[in-house]
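Engineer: Structure below; questions to follow.
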Amino acid sequence: MNEAKLREKAVIAALVVLLLYAAAVALWFINSERAWKRASERYKKECERFEREEKLISEKRKWNDLYDSEKAAMPTFEAGKATDTFWLRKVEDFARTNLVLITKIDSGAEIEAGDVLELPIEVHSMEGSLEAIVKFLHALENTSEGMFDVREMNLRPSQKKGYLRGSMSITCAYMRE
């Protein structure tokens with residue numbers, strides 16, 4: 001009788017160990033499947049990134065030529081010459097010809113960005129109709145007299161009907177000899 005109970009206990013213990021091994025194997029497969037999916041997704045993302053970078057590298061000559069042509073079109077000033085009055089006058093001229101009234105404008109300090117220099121211009125107060133402001137922005141972006149980039153612009157309705165008041169940040173790009 002003791003021998004039968006002992007055998008039953010041994011069989012039950014063997015079944016429990018077998019079930020624990022089966023559970024461990026099942027958990028291992030489930031976790032490895034999730035890990036495999038994550039690795040597969042990361043691999044796909046890296047393949048896409050590799051293709052994008054490979055395309056950019058193959059277009060290196062095109063981008064260098066485009067950079068050189070833009071660089072050649074960029075205004076060049078003598079070393080040490082102040083440029084703020086030149087750029088302020090240009091912005092004010094564009095505003096005047098496009099019927100935008102600028103009442104307060106300042107220039108910041110010259111910033112070196114590689115071999116290009118940038119001069120930030122802050123238009124603290126301006127006023128004009130929506131059409132005039134759009135024409136002014138178009139003139140700034142499409143002129144051959146300099147390179148301008150409007151970084152920030154805030155507009156609100158003016159007290160005059162049909163007019164807008166606001167401010168903007170403009171960056172002028174140029175080079176030194």
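Chain labels A, B, ... are given in the sequence in which chains occur in the structure tokens; within each chain residues are numbered consecutively from 1, and ligands are likewise numbered from 1 in the order shown.
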Report as a PyMOL selection string all protein, DNA and RNA residues lying within 10 Å of A:Asn154, evaluated on only C-alpha atoms, omitting residues in the same chain fewer than 6 positions from it.
Structural biologist: chain A and resi 124+164-169
Engineer: Going by DSSP on the backbone, which residues of chain A come out as strand (DSSP E)? List them as an MDAnalysis selection string.
Structural biologist: chainID A and resid 76:77 101:107 111:113 116:129 147:157 163:176
Engineer: Find the spatial neighbours of stretch 59-70 of chain A, counting only C-alpha atoms, within a cut-off of 12 Å - ignore same-chain residues fewer than 2 positions away - and output them as number ranges by chain.
Structural biologist: A: 52-57, 72-75, 115-116, 144, 146-147, 173-175
Engineer: With only C-alpha atoms as the atoms that count, which of A:Phe148, A:Phe136, A:Phe77, A:Thr171 lies nearest to A:Asp106?
Structural biologist: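 Using only C-alpha atoms, A:Asp106 sits closest to A:Thr171.
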Engineer: Enumerate the residues of stretch 33-177 of chain A with a DSSP assignment of alpha helix (DSSP H), computed from the backbone, and present them as a short mmCIF file (atom, residue, chain, number, x, y, z; two decimals) with N, CA, C and O atoms, in the first residue's frame.
Structural biologist:
data_model
loop_
_atom_site.label_atom_id
_atom_site.label_comp_id
_atom_site.auth_asym_id
_atom_site.auth_seq_id
_atom_site.Cartn_x
_atom_site.Cartn_y
_atom_site.Cartn_z
N GLU A 33 8.55 35.03 -29.83
CA GLU A 33 7.75 35.52 -30.96
C GLU A 33 7.62 37.04 -30.89
O GLU A 33 7.79 37.73 -31.89
N ARG A 34 7.33 37.58 -29.69
CA ARG A 34 7.25 39.04 -29.53
C ARG A 34 8.59 39.69 -29.83
O ARG A 34 8.66 40.72 -30.51
N ALA A 35 9.65 39.11 -29.32
CA ALA A 35 10.99 39.66 -29.57
C ALA A 35 11.31 39.60 -31.05
O ALA A 35 11.92 40.53 -31.60
N TRP A 36 10.91 38.54 -31.72
CA TRP A 36 11.16 38.42 -33.16
C TRP A 36 10.40 39.49 -33.93
O TRP A 36 10.93 40.09 -34.85
N LYS A 37 9.15 39.76 -33.54
CA LYS A 37 8.37 40.81 -34.21
C LYS A 37 9.02 42.17 -34.01
O LYS A 37 9.12 42.96 -34.95
N ARG A 38 9.46 42.47 -32.78
CA ARG A 38 10.13 43.75 -32.52
C ARG A 38 11.41 43.87 -33.35
O ARG A 38 11.69 44.91 -33.94
N ALA A 39 12.18 42.80 -33.37
CA ALA A 39 13.42 42.82 -34.15
C ALA A 39 13.12 42.99 -35.63
O ALA A 39 13.83 43.72 -36.34
N SER A 40 12.07 42.36 -36.11
CA SER A 40 11.69 42.47 -37.52
C SER A 40 11.28 43.91 -37.85
O SER A 40 11.66 44.44 -38.90
N GLU A 41 10.50 44.55 -36.97
CA GLU A 41 10.10 45.94 -37.20
C GLU A 41 11.30 46.87 -37.20
O GLU A 41 11.41 47.76 -38.03
N ARG A 42 12.22 46.67 -36.25
CA ARG A 42 13.44 47.50 -36.21
C ARG A 42 14.27 47.30 -37.48
O ARG A 42 14.82 48.24 -38.02
N TYR A 43 14.34 46.07 -37.94
CA TYR A 43 15.10 45.77 -39.15
C TYR A 43 14.49 46.48 -40.36
O TYR A 43 15.21 47.07 -41.16
N LYS A 44 13.17 46.46 -40.47
CA LYS A 44 12.49 47.14 -41.58
C LYS A 44 12.76 48.64 -41.53
O LYS A 44 13.03 49.27 -42.56
N LYS A 45 12.67 49.24 -40.34
CA LYS A 45 12.94 50.68 -40.20
C LYS A 45 14.37 51.01 -40.60
O LYS A 45 14.62 52.01 -41.28
N GLU A 46 15.31 50.21 -40.17
CA GLU A 46 16.71 50.44 -40.52
C GLU A 46 16.95 50.26 -42.02
O GLU A 46 17.75 50.99 -42.61
N CYS A 47 16.25 49.31 -42.64
CA CYS A 47 16.37 49.13 -44.09
C CYS A 47 15.86 50.36 -44.83
O CYS A 47 16.48 50.83 -45.79
N GLU A 48 14.72 50.89 -44.37
CA GLU A 48 14.17 52.11 -44.98
C GLU A 48 15.12 53.28 -44.80
O GLU A 48 15.37 54.05 -45.73
N ARG A 49 15.68 53.42 -43.60
CA ARG A 49 16.64 54.50 -43.35
C ARG A 49 17.88 54.34 -44.22
O ARG A 49 18.39 55.30 -44.79
N PHE A 50 18.36 53.12 -44.36
CA PHE A 50 19.51 52.84 -45.21
C PHE A 50 19.23 53.24 -46.66
O PHE A 50 20.07 53.86 -47.31
N GLU A 51 18.04 52.90 -47.16
CA GLU A 51 17.67 53.27 -48.54
C GLU A 51 17.62 54.78 -48.72
O GLU A 51 18.08 55.30 -49.73
N ARG A 52 17.02 55.49 -47.72
CA ARG A 52 16.97 56.96 -47.81
C ARG A 52 18.38 57.55 -47.83
O ARG A 52 18.68 58.44 -48.63
N GLU A 53 19.25 57.07 -46.94
CA GLU A 53 20.61 57.61 -46.88
C GLU A 53 21.40 57.24 -48.12
O GLU A 53 22.20 58.03 -48.60
N GLU A 54 21.18 56.05 -48.64
CA GLU A 54 21.86 55.63 -49.86
C GLU A 54 21.45 56.52 -51.03
O GLU A 54 22.28 56.92 -51.84
N LYS A 55 20.15 56.88 -51.08
CA LYS A 55 19.66 57.78 -52.13
C LYS A 55 20.30 59.16 -52.00
O LYS A 55 20.73 59.76 -52.99
N LEU A 56 20.38 59.66 -50.76
CA LEU A 56 21.02 60.96 -50.54
C LEU A 56 22.49 60.94 -50.95
O LEU A 56 22.99 61.89 -51.57
N ILE A 57 23.17 59.87 -50.60
CA ILE A 57 24.59 59.76 -50.96
C ILE A 57 24.74 59.72 -52.47
O ILE A 57 25.65 60.34 -53.03
N SER A 58 23.84 59.02 -53.15
CA SER A 58 23.94 58.94 -54.61
C SER A 58 23.64 60.30 -55.26
O SER A 58 24.08 60.56 -56.37
N LYS A 60 24.66 63.18 -54.02
CA LYS A 60 25.60 64.12 -53.43
C LYS A 60 26.04 65.18 -54.43
O LYS A 60 26.07 66.37 -54.12
N ARG A 61 26.37 64.79 -55.63
CA ARG A 61 26.82 65.74 -56.65
C ARG A 61 25.73 66.77 -56.95
O ARG A 61 26.01 67.97 -57.05
N LYS A 62 24.49 66.30 -57.07
CA LYS A 62 23.37 67.21 -57.34
C LYS A 62 23.25 68.24 -56.23
O LYS A 62 23.12 69.45 -56.49
N TRP A 63 23.31 67.79 -54.97
CA TRP A 63 23.15 68.72 -53.84
C TRP A 63 24.34 69.66 -53.73
O TRP A 63 24.16 70.84 -53.37
N ASN A 64 25.53 69.18 -54.03
CA ASN A 64 26.71 70.07 -54.00
C ASN A 64 26.61 71.13 -55.09
O ASN A 64 26.95 72.29 -54.86
N ASP A 65 26.15 70.73 -56.29
CA ASP A 65 25.98 71.71 -57.37
C ASP A 65 24.92 72.74 -57.02
O ASP A 65 25.09 73.94 -57.28
N LEU A 66 23.82 72.28 -56.44
CA LEU A 66 22.76 73.19 -56.03
C LEU A 66 23.26 74.15 -54.94
O LEU A 66 22.98 75.35 -54.98
N TYR A 67 24.03 73.63 -54.00
CA TYR A 67 24.61 74.46 -52.94
C TYR A 67 25.55 75.50 -53.54
O TYR A 67 25.50 76.68 -53.17
N ASP A 68 26.39 75.09 -54.48
CA ASP A 68 27.32 76.03 -55.10
C ASP A 68 26.60 77.11 -55.87
O ASP A 68 27.00 78.28 -55.86
N SER A 69 25.51 76.77 -56.58
CA SER A 69 24.77 77.78 -57.33
C SER A 69 24.08 78.76 -56.38
O SER A 69 24.06 79.97 -56.65
N GLU A 70 23.53 78.27 -55.28
CA GLU A 70 22.91 79.17 -54.29
C GLU A 70 23.97 80.04 -53.63
O GLU A 70 23.74 81.21 -53.37
N LYS A 71 25.11 79.46 -53.35
CA LYS A 71 26.20 80.20 -52.72
C LYS A 71 26.70 81.31 -53.65
O LYS A 71 27.00 82.41 -53.19
N ALA A 72 26.75 81.02 -54.94
CA ALA A 72 27.19 82.03 -55.90
C ALA A 72 26.19 83.17 -56.00
O ALA A 72 26.57 84.32 -56.27
N ALA A 73 24.91 82.88 -55.80
CA ALA A 73 23.88 83.91 -55.88
C ALA A 73 23.79 84.73 -54.60
O ALA A 73 23.12 85.77 -54.57
N ASP A 84 24.15 95.74 -41.35
CA ASP A 84 22.81 95.92 -40.80
C ASP A 84 22.02 97.02 -41.51
O ASP A 84 20.84 96.85 -41.80
N THR A 85 22.66 98.15 -41.81
CA THR A 85 21.93 99.23 -42.48
C THR A 85 21.50 98.82 -43.89
O THR A 85 20.41 99.16 -44.33
N PHE A 86 22.35 98.06 -44.58
CA PHE A 86 22.02 97.57 -45.92
C PHE A 86 20.76 96.71 -45.87
O PHE A 86 19.82 96.91 -46.64
N TRP A 87 20.73 95.73 -44.95
CA TRP A 87 19.60 94.81 -44.87
C TRP A 87 18.34 95.49 -44.34
O TRP A 87 17.23 95.22 -44.82
N LEU A 88 18.49 96.39 -43.37
CA LEU A 88 17.32 97.12 -42.87
C LEU A 88 16.69 97.96 -43.97
O LEU A 88 15.46 97.99 -44.12
N ARG A 89 17.53 98.60 -44.76
CA ARG A 89 17.03 99.42 -45.87
C ARG A 89 16.31 98.55 -46.90
O ARG A 89 15.25 98.91 -47.41
N LYS A 90 16.87 97.36 -47.20
CA LYS A 90 16.24 96.45 -48.16
C LYS A 90 14.84 96.03 -47.69
O LYS A 90 13.88 96.06 -48.44
N VAL A 91 14.74 95.62 -46.41
CA VAL A 91 13.46 95.18 -45.87
C VAL A 91 12.45 96.34 -45.90
O VAL A 91 11.29 96.16 -46.30
N GLU A 92 12.90 97.53 -45.50
CA GLU A 92 12.00 98.69 -45.51
C GLU A 92 11.57 99.04 -46.93
O GLU A 92 10.42 99.43 -47.16
N ASP A 93 12.48 98.93 -47.91
CA ASP A 93 12.12 99.20 -49.31
C ASP A 93 11.07 98.21 -49.81
O ASP A 93 10.11 98.61 -50.48
N PHE A 94 11.25 96.93 -49.51
CA PHE A 94 10.26 95.94 -49.92
C PHE A 94 8.90 96.23 -49.26
O PHE A 94 7.86 96.10 -49.89
N ALA A 95 8.93 96.61 -47.99
CA ALA A 95 7.69 96.93 -47.29
C ALA A 95 7.01 98.14 -47.92
O ALA A 95 5.80 98.12 -48.17
N ARG A 96 7.79 99.18 -48.20
CA ARG A 96 7.23 100.40 -48.77
C ARG A 96 6.62 100.14 -50.15
O ARG A 96 5.50 100.59 -50.44
N THR A 97 7.32 99.41 -51.01
CA THR A 97 6.79 99.14 -52.36
C THR A 97 5.56 98.23 -52.32
O THR A 97 4.76 98.26 -53.26
N LEU A 130 -4.04 92.34 -45.70
CA LEU A 130 -3.60 90.96 -45.89
C LEU A 130 -2.91 90.81 -47.25
O LEU A 130 -1.85 90.20 -47.35
N GLU A 131 -3.48 91.39 -48.27
CA GLU A 131 -2.90 91.31 -49.61
C GLU A 131 -1.51 91.96 -49.66
O GLU A 131 -0.57 91.41 -50.23
N ALA A 132 -1.37 93.11 -49.01
CA ALA A 132 -0.08 93.81 -49.00
C ALA A 132 0.97 92.99 -48.25
O ALA A 132 2.12 92.89 -48.70
N ILE A 133 0.58 92.38 -47.14
CA ILE A 133 1.54 91.57 -46.36
C ILE A 133 1.95 90.34 -47.15
O ILE A 133 3.13 89.97 -47.16
N VAL A 134 1.00 89.72 -47.84
CA VAL A 134 1.33 88.54 -48.66
C VAL A 134 2.29 88.94 -49.79
O VAL A 134 3.27 88.24 -50.07
N LYS A 135 2.04 90.07 -50.44
CA LYS A 135 2.94 90.53 -51.50
C LYS A 135 4.33 90.86 -50.94
O LYS A 135 5.34 90.58 -51.59
N PHE A 136 4.36 91.45 -49.76
CA PHE A 136 5.63 91.75 -49.11
C PHE A 136 6.42 90.48 -48.83
O PHE A 136 7.61 90.38 -49.13
N LEU A 137 5.76 89.47 -48.27
CA LEU A 137 6.42 88.19 -48.00
C LEU A 137 6.88 87.52 -49.29
O LEU A 137 7.98 86.97 -49.36
N HIS A 138 6.06 87.59 -50.32
CA HIS A 138 6.44 87.01 -51.62
C HIS A 138 7.66 87.72 -52.19
O HIS A 138 8.58 87.08 -52.72
N ALA A 139 7.69 89.02 -52.07
CA ALA A 139 8.84 89.79 -52.57
C ALA A 139 10.11 89.42 -51.81
O ALA A 139 11.18 89.28 -52.41
N LEU A 140 10.01 89.25 -50.50
CA LEU A 140 11.18 88.86 -49.70
C LEU A 140 11.70 87.49 -50.11
O LEU A 140 12.90 87.28 -50.25
N GLU A 141 10.80 86.55 -50.29
CA GLU A 141 11.20 85.18 -50.58
C GLU A 141 11.72 85.00 -52.00
O GLU A 141 12.51 84.10 -52.25
#
Engineer: Pick the closest to A:Ala79 from A:Glu177, A:Leu6, A:Ile30, A:Glu152: which is it, counting only C-alpha atoms?
Structural biologist: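 Closest to A:Ala79 of all the choices is A:Glu177.
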